[in-house]
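S.K.: Pasting upload-v2.cif below, which is mmCIF, C-alpha atoms.
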data_structure
#
loop_
_atom_site.label_atom_id
_atom_site.label_comp_id
_atom_site.auth_asym_id
_atom_site.auth_seq_id
_atom_site.Cartn_x
_atom_site.Cartn_y
_atom_site.Cartn_z
CA MET Y 4 37.22 9.03 -38.00
CA GLY Y 5 38.79 5.91 -39.52
CA ASP Y 6 41.43 5.33 -36.83
CA THR Y 7 41.27 1.56 -36.36
CA GLN Y 8 43.59 1.48 -33.36
CA GLN Y 9 41.55 4.11 -31.49
CA LEU Y 10 38.37 2.21 -32.29
CA CYS Y 11 39.91 -0.99 -30.90
CA LEU Y 12 40.76 0.90 -27.69
CA ILE Y 13 37.14 2.04 -27.39
CA LEU Y 14 35.83 -1.46 -28.01
CA ARG Y 15 38.16 -2.81 -25.33
CA GLY Y 16 36.82 -0.26 -22.84
CA LEU Y 17 33.21 -1.08 -23.71
CA ALA Y 18 33.93 -4.79 -23.31
CA ALA Y 19 35.44 -4.19 -19.86
CA PHE Y 20 32.24 -2.46 -18.78
CA TYR Y 21 29.86 -5.04 -20.24
CA ILE Y 22 31.78 -8.03 -18.90
CA GLY Y 23 31.42 -6.59 -15.41
CA GLN Y 24 27.67 -6.56 -15.98
CA ALA Y 25 27.80 -10.19 -17.22
CA ALA Y 26 26.42 -9.11 -20.63
CA VAL Y 27 28.29 -11.98 -22.27
CA GLU Y 28 26.44 -11.85 -25.60
CA THR Y 29 27.31 -8.15 -25.98
CA VAL Y 30 30.94 -8.82 -25.12
CA TRP Y 31 31.02 -11.61 -27.70
CA ASP Y 32 29.80 -9.21 -30.38
CA ILE Y 33 32.41 -6.62 -29.35
CA GLY Y 34 35.14 -9.26 -29.45
CA GLU Y 35 34.17 -10.34 -32.96
CA HIS Y 36 34.15 -6.71 -34.12
CA MET Y 37 37.56 -6.08 -32.58
CA LEU Y 38 39.03 -9.22 -34.16
CA ARG Y 39 37.83 -8.16 -37.61
CA LEU Y 40 39.35 -4.71 -37.18
CA ALA Y 41 42.58 -6.02 -35.68
CA GLN Y 42 43.34 -8.12 -38.75
CA SER Y 43 44.26 -4.90 -40.60
CA LEU Y 44 46.74 -3.71 -37.95
CA PRO Y 45 50.45 -4.48 -38.35
CA HIS Y 46 50.93 -5.72 -34.79
CA ALA Y 47 49.22 -8.45 -32.78
CA THR Y 48 48.16 -6.40 -29.75
CA TYR Y 49 44.46 -6.13 -30.51
CA ARG Y 50 44.20 -9.60 -31.99
CA LEU Y 51 45.42 -10.87 -28.64
CA GLU Y 52 42.87 -8.64 -26.87
CA ALA Y 53 40.07 -9.92 -29.12
CA HIS Y 54 40.94 -13.59 -28.66
CA SER Y 55 41.04 -12.98 -24.90
CA LEU Y 56 37.52 -11.52 -25.00
CA LEU Y 57 36.14 -14.24 -27.24
CA GLY Y 58 37.82 -17.01 -25.24
CA SER Y 59 36.71 -15.82 -21.81
CA THR Y 60 33.18 -15.10 -23.05
CA SER Y 61 32.92 -18.54 -24.64
CA TYR Y 62 34.07 -20.05 -21.34
CA TYR Y 63 31.36 -18.26 -19.36
CA ARG Y 64 28.75 -19.42 -21.87
CA GLY Y 65 29.87 -23.04 -21.50
CA ARG Y 66 31.21 -23.28 -25.07
CA LEU Y 67 34.42 -24.88 -23.96
CA THR Y 68 35.98 -26.13 -27.18
CA LEU Y 69 35.42 -22.74 -28.85
CA ALA Y 70 36.91 -21.06 -25.78
CA ARG Y 71 39.97 -23.27 -26.00
CA THR Y 72 40.50 -22.37 -29.67
CA HIS Y 73 40.43 -18.61 -29.06
CA LEU Y 74 42.54 -18.79 -25.92
CA GLU Y 75 45.23 -20.89 -27.58
CA HIS Y 76 45.31 -18.40 -30.47
CA GLY Y 77 45.84 -15.62 -27.93
CA ILE Y 78 48.59 -17.52 -26.11
CA ALA Y 79 50.37 -18.17 -29.42
CA LEU Y 80 50.27 -14.44 -30.23
CA PHE Y 81 51.67 -13.60 -26.79
CA HIS Y 82 54.55 -16.06 -27.18
CA ALA Y 83 55.30 -15.18 -30.82
CA PRO Y 84 58.50 -13.16 -31.41
CA GLN Y 85 57.83 -9.60 -32.56
CA GLY Y 86 58.50 -8.88 -36.21
CA ALA Y 87 59.17 -5.71 -38.11
CA GLY Y 88 56.61 -3.02 -37.43
CA GLN Y 89 55.25 -4.72 -34.32
CA THR Y 90 54.72 -2.73 -31.16
CA SER Y 91 56.66 -3.58 -28.02
CA TYR Y 92 53.46 -3.10 -25.97
CA VAL Y 93 52.20 -6.28 -24.35
CA PRO Y 94 48.52 -6.20 -23.31
CA ALA Y 95 49.31 -7.68 -19.91
CA ASN Y 96 45.79 -8.38 -18.75
CA ALA Y 97 44.84 -10.04 -22.05
CA ALA Y 98 47.91 -12.28 -21.90
CA VAL Y 99 47.23 -13.36 -18.32
CA SER Y 100 43.51 -13.72 -19.12
CA CYS Y 101 44.23 -16.13 -21.98
CA LEU Y 102 46.46 -18.26 -19.76
CA THR Y 103 44.14 -18.33 -16.74
CA PHE Y 104 41.00 -19.07 -18.73
CA ALA Y 105 42.85 -21.71 -20.74
CA ALA Y 106 43.64 -23.41 -17.43
CA LEU Y 107 39.98 -23.40 -16.39
CA VAL Y 108 38.85 -24.62 -19.81
CA LEU Y 109 41.35 -27.50 -19.67
CA TRP Y 110 40.05 -28.54 -16.25
CA HIS Y 111 36.46 -28.54 -17.47
CA LEU Y 112 37.40 -30.53 -20.57
CA GLY Y 113 39.00 -33.20 -18.38
CA TYR Y 114 42.70 -32.33 -18.36
CA PRO Y 115 43.50 -31.47 -14.70
CA ALA Y 116 47.28 -31.78 -15.02
CA GLN Y 117 47.48 -29.61 -18.14
CA ALA Y 118 45.20 -27.12 -16.41
CA LEU Y 119 47.57 -26.91 -13.45
CA ALA Y 120 50.54 -26.30 -15.75
CA ARG Y 121 48.73 -23.48 -17.60
CA SER Y 122 47.68 -21.95 -14.29
CA GLY Y 123 51.26 -21.93 -13.04
CA GLU Y 124 52.37 -20.27 -16.27
CA ALA Y 125 49.68 -17.62 -15.86
CA LEU Y 126 50.86 -16.69 -12.39
CA THR Y 127 54.50 -16.62 -13.51
CA VAL Y 128 53.68 -14.30 -16.42
CA ALA Y 129 51.56 -12.06 -14.19
CA ARG Y 130 54.48 -11.63 -11.79
CA GLU Y 131 57.05 -11.09 -14.56
CA LEU Y 132 54.98 -8.38 -16.25
CA ALA Y 133 54.86 -6.38 -12.99
CA HIS Y 134 51.36 -5.20 -13.89
CA PRO Y 135 49.34 -4.85 -10.63
CA PHE Y 136 45.88 -5.48 -12.11
CA SER Y 137 47.09 -8.53 -14.01
CA LEU Y 138 48.69 -9.97 -10.88
CA CYS Y 139 45.31 -9.75 -9.17
CA TYR Y 140 43.82 -11.48 -12.21
CA GLY Y 141 46.37 -14.27 -12.01
CA LEU Y 142 45.97 -14.78 -8.25
CA MET Y 143 42.19 -14.79 -8.52
CA PHE Y 144 41.81 -17.30 -11.31
CA THR Y 145 44.55 -19.64 -10.15
CA ALA Y 146 42.62 -19.74 -6.86
CA VAL Y 147 39.46 -20.62 -8.81
CA LEU Y 148 41.29 -23.50 -10.50
CA HIS Y 149 42.41 -24.89 -7.15
CA HIS Y 150 38.83 -24.49 -5.92
CA VAL Y 151 37.46 -26.73 -8.67
CA ARG Y 152 40.34 -29.12 -7.99
CA ARG Y 153 39.13 -29.14 -4.34
CA GLU Y 154 42.44 -27.95 -2.89
CA ALA Y 155 41.27 -25.58 -0.18
CA GLY Y 156 44.69 -24.93 1.33
CA VAL Y 157 46.07 -23.56 -1.94
CA VAL Y 158 42.87 -21.53 -2.47
CA GLN Y 159 43.39 -19.86 0.89
CA GLU Y 160 47.04 -19.10 0.11
CA ARG Y 161 46.16 -17.49 -3.27
CA ALA Y 162 43.15 -15.65 -1.82
CA GLU Y 163 45.14 -14.13 1.04
CA ALA Y 164 47.79 -12.94 -1.42
CA LEU Y 165 45.03 -11.45 -3.59
CA ILE Y 166 43.48 -9.62 -0.63
CA ALA Y 167 46.86 -8.15 0.36
CA HIS Y 168 47.77 -7.05 -3.16
CA ALA Y 169 44.31 -5.68 -3.96
CA SER Y 170 44.28 -3.74 -0.69
CA ASP Y 171 47.65 -2.14 -1.54
CA GLN Y 172 46.38 -1.11 -4.96
CA GLY Y 173 42.87 -0.04 -3.93
CA PHE Y 174 41.17 -2.64 -6.14
CA ALA Y 175 37.82 -3.07 -4.36
CA GLN Y 176 36.45 -5.79 -6.64
CA TRP Y 177 39.54 -7.98 -6.44
CA ARG Y 178 39.65 -7.56 -2.64
CA ALA Y 179 36.00 -8.64 -2.37
CA GLN Y 180 36.60 -11.66 -4.58
CA GLY Y 181 39.63 -12.70 -2.56
CA THR Y 182 37.61 -12.33 0.63
CA MET Y 183 34.90 -14.65 -0.68
CA LEU Y 184 37.37 -17.31 -1.78
CA CYS Y 185 39.27 -17.08 1.50
CA GLY Y 186 36.00 -17.54 3.38
CA TRP Y 187 35.13 -20.61 1.32
CA ALA Y 188 38.58 -22.09 1.93
CA ARG Y 189 38.42 -21.56 5.69
CA ALA Y 190 34.95 -23.07 5.93
CA THR Y 191 36.02 -26.07 3.85
CA GLN Y 192 38.98 -26.67 6.16
CA GLY Y 193 36.78 -26.76 9.25
CA ARG Y 194 36.59 -23.10 10.36
CA VAL Y 195 32.99 -23.00 9.22
CA THR Y 196 31.57 -20.05 11.17
CA GLU Y 197 34.59 -17.84 10.51
CA GLY Y 198 34.62 -18.79 6.86
CA PHE Y 199 30.89 -18.21 6.44
CA GLU Y 200 31.13 -14.73 7.94
CA GLN Y 201 34.10 -13.85 5.73
CA LEU Y 202 32.36 -15.10 2.60
CA GLN Y 203 29.25 -13.09 3.44
CA GLN Y 204 31.38 -9.99 4.03
CA GLY Y 205 33.06 -10.43 0.65
CA LEU Y 206 29.75 -11.03 -1.11
CA GLU Y 207 28.25 -7.83 0.30
CA ALA Y 208 31.36 -5.85 -0.72
CA TYR Y 209 31.25 -7.34 -4.23
CA ARG Y 210 27.58 -6.44 -4.64
CA ARG Y 211 28.34 -2.86 -3.61
CA THR Y 212 30.66 -2.49 -6.61
CA GLY Y 213 27.71 -3.17 -8.92
CA ALA Y 214 29.42 -6.17 -10.51
CA VAL Y 215 27.33 -9.10 -11.74
CA LEU Y 216 30.03 -11.22 -13.39
CA GLY Y 217 30.76 -14.38 -11.45
CA MET Y 218 27.75 -14.10 -9.13
CA PRO Y 219 26.50 -17.64 -9.98
CA TYR Y 220 29.94 -18.93 -8.98
CA TYR Y 221 30.04 -17.04 -5.68
CA LEU Y 222 26.48 -18.10 -4.82
CA THR Y 223 27.62 -21.68 -5.42
CA CYS Y 224 30.54 -21.14 -3.03
CA LEU Y 225 28.06 -19.89 -0.44
CA ALA Y 226 25.86 -22.94 -1.07
CA GLU Y 227 28.83 -25.23 -0.41
CA VAL Y 228 29.46 -23.51 2.91
CA TYR Y 229 25.80 -23.90 3.87
CA GLY Y 230 26.32 -27.60 3.18
CA HIS Y 231 29.23 -27.64 5.66
CA MET Y 232 26.88 -26.02 8.19
CA GLY Y 233 24.23 -28.71 7.71
CA ARG Y 234 21.89 -26.14 6.13
CA GLU Y 235 21.11 -28.01 2.92
CA ASP Y 236 17.82 -26.12 2.57
CA LYS Y 237 19.69 -22.81 2.35
CA GLY Y 238 22.20 -24.42 0.02
CA VAL Y 239 19.43 -25.47 -2.37
CA ALA Y 240 18.02 -21.93 -2.29
CA MET Y 241 21.43 -20.46 -3.17
CA LEU Y 242 21.87 -22.96 -6.00
CA ASP Y 243 18.43 -22.17 -7.41
CA GLU Y 244 19.37 -18.48 -7.40
CA ALA Y 245 22.70 -19.25 -9.09
CA LEU Y 246 21.03 -21.40 -11.77
CA ALA Y 247 18.41 -18.73 -12.47
CA LEU Y 248 21.04 -16.00 -12.76
CA GLY Y 249 23.16 -18.18 -15.02
CA ALA Y 250 20.20 -18.82 -17.31
CA HIS Y 251 19.35 -15.09 -17.39
CA THR Y 252 22.87 -13.89 -18.17
CA GLY Y 253 24.06 -16.83 -20.27
CA MET Y 254 26.82 -17.70 -17.77
CA ARG Y 255 26.16 -21.45 -17.81
CA VAL Y 256 29.65 -22.89 -17.47
CA ALA Y 257 29.04 -24.07 -13.88
CA GLU Y 258 25.50 -25.32 -14.49
CA ALA Y 259 26.36 -29.02 -14.39
CA GLY Y 260 28.28 -28.62 -11.13
CA GLN Y 261 25.45 -26.61 -9.58
CA LEU Y 262 22.87 -29.24 -10.53
CA CYS Y 263 25.07 -31.98 -9.14
CA LEU Y 264 25.52 -30.17 -5.82
CA LYS Y 265 21.79 -29.48 -5.64
CA GLY Y 266 21.14 -33.20 -6.05
CA VAL Y 267 23.55 -33.99 -3.23
CA PHE Y 268 21.77 -31.52 -0.94
CA LEU Y 269 18.32 -32.86 -1.83
CA GLY Y 270 19.48 -36.32 -0.85
CA ARG Y 271 20.93 -35.10 2.46
CA GLN Y 272 17.94 -33.11 3.72
CA ALA Y 273 16.06 -34.11 6.86
CA HIS Y 274 13.40 -35.51 4.51
CA PRO Y 275 15.48 -36.69 1.54
CA ASP Y 276 14.06 -36.12 -1.93
CA LEU Y 277 15.75 -38.99 -3.73
CA HIS Y 278 13.62 -38.61 -6.84
CA GLY Y 279 14.57 -34.94 -7.08
CA ALA Y 280 18.22 -35.78 -6.42
CA GLU Y 281 18.30 -38.33 -9.25
CA ALA Y 282 16.64 -35.86 -11.62
CA CYS Y 283 19.35 -33.29 -10.79
CA PHE Y 284 22.14 -35.81 -11.40
CA GLN Y 285 20.62 -36.86 -14.73
CA GLN Y 286 20.25 -33.24 -15.81
CA ALA Y 287 23.83 -32.52 -14.72
CA LEU Y 288 25.03 -35.41 -16.89
CA THR Y 289 23.10 -34.06 -19.88
CA VAL Y 290 24.52 -30.54 -19.48
CA ALA Y 291 28.08 -31.77 -18.92
CA ARG Y 292 27.98 -33.99 -21.99
CA HIS Y 293 26.56 -31.17 -24.12
CA GLN Y 294 29.40 -28.87 -22.98
CA GLN Y 295 31.99 -31.68 -23.22
CA ALA Y 296 32.81 -30.88 -19.59
CA LYS Y 297 34.31 -34.24 -18.62
CA SER Y 298 35.24 -33.15 -15.08
CA PHE Y 299 31.65 -32.26 -14.25
CA GLU Y 300 30.44 -35.38 -16.06
CA LEU Y 301 32.63 -37.41 -13.71
CA ARG Y 302 31.15 -35.68 -10.65
CA ALA Y 303 27.61 -36.20 -11.85
CA ALA Y 304 28.31 -39.86 -12.69
CA MET Y 305 29.84 -40.40 -9.23
CA SER Y 306 26.85 -38.82 -7.50
CA LEU Y 307 24.32 -40.85 -9.45
CA SER Y 308 26.36 -44.03 -9.00
CA ARG Y 309 26.42 -43.52 -5.23
CA LEU Y 310 22.65 -43.09 -5.22
CA TRP Y 311 22.15 -46.23 -7.29
CA GLN Y 312 24.62 -48.09 -5.05
CA GLN Y 313 22.45 -47.23 -2.04
CA GLN Y 314 19.42 -48.54 -3.95
CA GLY Y 315 21.14 -51.84 -4.72
CA LYS Y 316 21.75 -51.03 -8.40
CA GLN Y 317 25.39 -52.05 -8.36
CA THR Y 318 25.62 -53.06 -12.01
CA GLU Y 319 23.94 -49.92 -13.33
CA ALA Y 320 26.16 -47.76 -11.15
CA ARG Y 321 29.35 -49.45 -12.35
CA GLU Y 322 28.30 -49.32 -16.00
CA LEU Y 323 27.65 -45.58 -15.70
CA LEU Y 324 30.85 -44.62 -13.92
CA ALA Y 325 33.44 -46.95 -15.45
CA PRO Y 326 33.53 -45.46 -18.98
CA VAL Y 327 33.63 -41.88 -17.69
CA TYR Y 328 36.54 -42.68 -15.37
CA GLY Y 329 38.20 -44.70 -18.12
CA TRP Y 330 38.21 -41.68 -20.44
CA PHE Y 331 40.70 -39.79 -18.24
CA THR Y 332 44.41 -39.99 -19.00
CA GLU Y 333 45.79 -37.61 -16.32
CA GLY Y 334 45.01 -36.04 -12.98
CA PHE Y 335 44.83 -39.29 -11.03
CA ASP Y 336 46.20 -37.48 -7.98
CA THR Y 337 43.12 -35.22 -7.79
CA ALA Y 338 40.36 -35.78 -5.25
CA ASP Y 339 37.67 -36.44 -7.88
CA LEU Y 340 39.57 -39.17 -9.70
CA GLN Y 341 40.73 -40.80 -6.47
CA GLU Y 342 37.14 -40.91 -5.20
CA ALA Y 343 35.91 -42.27 -8.54
CA LYS Y 344 38.51 -45.06 -8.40
CA ALA Y 345 37.54 -45.94 -4.82
CA LEU Y 346 33.85 -46.01 -5.75
CA LEU Y 347 34.53 -48.26 -8.75
CA ASP Y 348 36.51 -50.64 -6.51
CA ALA Y 349 33.57 -50.75 -4.10
CA LEU Y 350 31.10 -51.38 -6.92
CA ALA Y 351 33.26 -54.21 -8.24
#
Please go through the file and, once you have read it, give me the structure as structure tokens.
M.R.:
Amino acid sequence: MGDTQQLCLILRGLAAFYIGQAAVETVWDIGEHMLRLAQSLPHATYRLEAHSLLGSTSYYRGRLTLARTHLEHGIALFHAPQGAGQTSYVPANAAVSCLTFAALVLWHLGYPAQALARSGEALTVARELAHPFSLCYGLMFTAVLHHVRREAGVVQERAEALIAHASDQGFAQWRAQGTMLCGWARATQGRVTEGFEQLQQGLEAYRRTGAVLGMPYYLTCLAEVYGHMGREDKGVAMLDEALALGAHTGMRVAEAGQLCLKGVFLGRQAHPDLHGAEACFQQALTVARHQQAKSFELRAAMSLSRLWQQQGKQTEARELLAPVYGWFTEGFDTADLQEAKALLDALA
């Protein structure tokens, strides 16, 4: 009927459905269509929505620099003062989405401190907007950032807040996601059986909603907990399932981390497969470099360096790890960078 704003609303609704099904290519196409349409509108609302879609979809696909570009465009539109003819409506979820995904992208690209700052901004905005769904969004994805930063205590705090808020609002998906993250955090902090049971409970509830988005990530969380239980065989099986699902859906952003963890588990089995472990670490390095994911490149380099250290290849290990560690300019208080520094000192 030629009503561009109504068409943008329809596209946004379609995107919300398809993103839940992890149809990231379809969502990308919808986002591009919305952005083209939104250029003709006098206000920035749907441009912000479109950049949010394109940025989050690029993130899931592992196209990190493209994701950063779209997300920063969206953040700029959110912060821009409104001019004549602009609507006063703020698309709350799109604004919080841009900020939370920008934080995750920055962590992957190797900027842990900037990522933490963006994450804090996301949660502040989510609370200020007083938009219940967006607050769940902010709590969820700030918890994910602290997960990749390996800060289990903060993950548990965010996850418990998410469970409480989602329960009040009747948001079944958010409650299930908070339950999984809370389970991971408890298991990581030593309450392994309790955490495992909670994670399993959350995973079953999430599957009942029909959602597919994020399943490779949650399977990886479960694999980590199996590792805490000394069940590396089950961990490898979960990681294989996560990798296969990521390849099928195009959600490959965590692929390097999954390969790295699989290599660790192969080397820790009752009958270690060191050849398989090294192959996983090498593949993780290749994927991380292709995605420009410096944080995962550091983890893969550390894992391979440890393996080579055990095999007496001190020089090779140091020559691999030193330039990756040397690239970083921030985040030296994080567990990964502290461990990398300690390993380099040992190799020296």
S.K.: Just give me the residues with any atom within 8 Å of (32.8, -21.0, 7.0), file coordinates, counting all atoms listed in the file, written as a ChimeraX atom specification.
M.R.: /Y:186-191,193-202,228,231-232
S.K.: Write out as JSON an axis-aligned box for segment 216-219 of chain Y: all of its atoms listed in the file, 5 Å added on each side, centre and edge lengths in Å with one decimal.
M.R.:
{"center_x": 28.6, "center_y": -14.4, "center_z": -11.3, "size_x": 14.3, "size_y": 16.4, "size_z": 14.3}
S.K.: Got a sec: who's within 12 Å of Leu40 of chain Y, counting only C-alpha atoms, leaving out chain neighbours fewer than 5 positions off, as a list in words?
M.R.: Gly5, Asp6, Thr7, Gln8, Gln9, Leu10, Cys11, Leu12, Leu14, Ile33, Gly34, Glu35, Pro45, His46, Ala47, Thr48, Tyr49, Arg50, Glu52 and Ala53 of chain Y
S.K.: Write a file of the selected residues as a PDB file, in the coordinates of the input, keeping C-alpha atoms.
M.R.:
ATOM      1  CA  GLY Y   5      38.790   5.910 -39.520  1.00  0.00           C
ATOM      2  CA  ASP Y   6      41.430   5.330 -36.830  1.00  0.00           C
ATOM      3  CA  THR Y   7      41.270   1.560 -36.360  1.00  0.00           C
ATOM      4  CA  GLN Y   8      43.590   1.480 -33.360  1.00  0.00           C
ATOM      5  CA  GLN Y   9      41.550   4.110 -31.490  1.00  0.00           C
ATOM      6  CA  LEU Y  10      38.370   2.210 -32.290  1.00  0.00           C
ATOM      7  CA  CYS Y  11      39.910  -0.990 -30.900  1.00  0.00           C
ATOM      8  CA  LEU Y  12      40.760   0.900 -27.690  1.00  0.00           C
ATOM      9  CA  LEU Y  14      35.830  -1.460 -28.010  1.00  0.00           C
ATOM     10  CA  ILE Y  33      32.410  -6.620 -29.350  1.00  0.00           C
ATOM     11  CA  GLY Y  34      35.140  -9.260 -29.450  1.00  0.00           C
ATOM     12  CA  GLU Y  35      34.170 -10.340 -32.960  1.00  0.00           C
ATOM     13  CA  PRO Y  45      50.450  -4.480 -38.350  1.00  0.00           C
ATOM     14  CA  HIS Y  46      50.930  -5.720 -34.790  1.00  0.00           C
ATOM     15  CA  ALA Y  47      49.220  -8.450 -32.780  1.00  0.00           C
ATOM     16  CA  THR Y  48      48.160  -6.400 -29.750  1.00  0.00           C
ATOM     17  CA  TYR Y  49      44.460  -6.130 -30.510  1.00  0.00           C
ATOM     18  CA  ARG Y  50      44.200  -9.600 -31.990  1.00  0.00           C
ATOM     19  CA  GLU Y  52      42.870  -8.640 -26.870  1.00  0.00           C
ATOM     20  CA  ALA Y  53      40.070  -9.920 -29.120  1.00  0.00           C
TER      21      ALA Y  53
END
S.K.: Evaluate the PyMOL selection byres ((chain Y and resi 107) around 12) on the structure here and hand back the selected residues as a PyMOL selection string.
M.R.: chain Y and resi 58-59+61-63+65+67-68+70-71+74+100-106+108-123+125+141+143-152+256-257+296+298
S.K.: Rounded to one decimal in Å, what is the spacing between atom CA of Glu28 of chain Y and atom CA of Thr252 of chain Y?
M.R.: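 Computing it gives 8.5 Å between the two atoms.
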S.K.: Taking the file above as input, evaluate the PyMOL selection byres ((chain Y and resi 343-345) around 8) and report the hits as a list in words.
M.R.: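 When the PyMOL selection byres ((chain Y and resi 343-345) around 8) is applied to the shown file, the picked residues are Leu301, Met305, Leu324, Tyr328, Asp339, Leu340, Gln341, Glu342, Leu346, Leu347, Asp348 and Ala349 of chain Y.
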S.K.: Distance atom CA of Glu235 of chain Y-atom CA of Ala25 of chain Y, one decimal place?
M.R.: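 Value for the atom CA of Glu235 of chain Y-atom CA of Ala25 of chain Y distance: 27.7 Å.
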S.K.: Rounded to one decimal, what separation in Å do you get between atom CA of Leu132 of chain Y and atom CA of Ala214 of chain Y?
M.R.: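 Answer for the atom CA of Leu132 of chain Y to atom CA of Ala214 of chain Y separation: 26.3 Å.
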S.K.: Point out the residue among Y:Leu323, Y:Leu225, Y:Leu288, Y:Met37 with the least atom-to-atom distance to Glu244 of chain Y, counting all atoms listed in the file.
M.R.: Y:Leu225
S.K.: Compare Y:His73, Y:Arg271, Y:Arg302, Y:Arg211 by their minimum atom-to-atom distance to Ser55 of chain Y, counting all atoms listed in the file, and give me the closest one.
M.R.: Y:His73
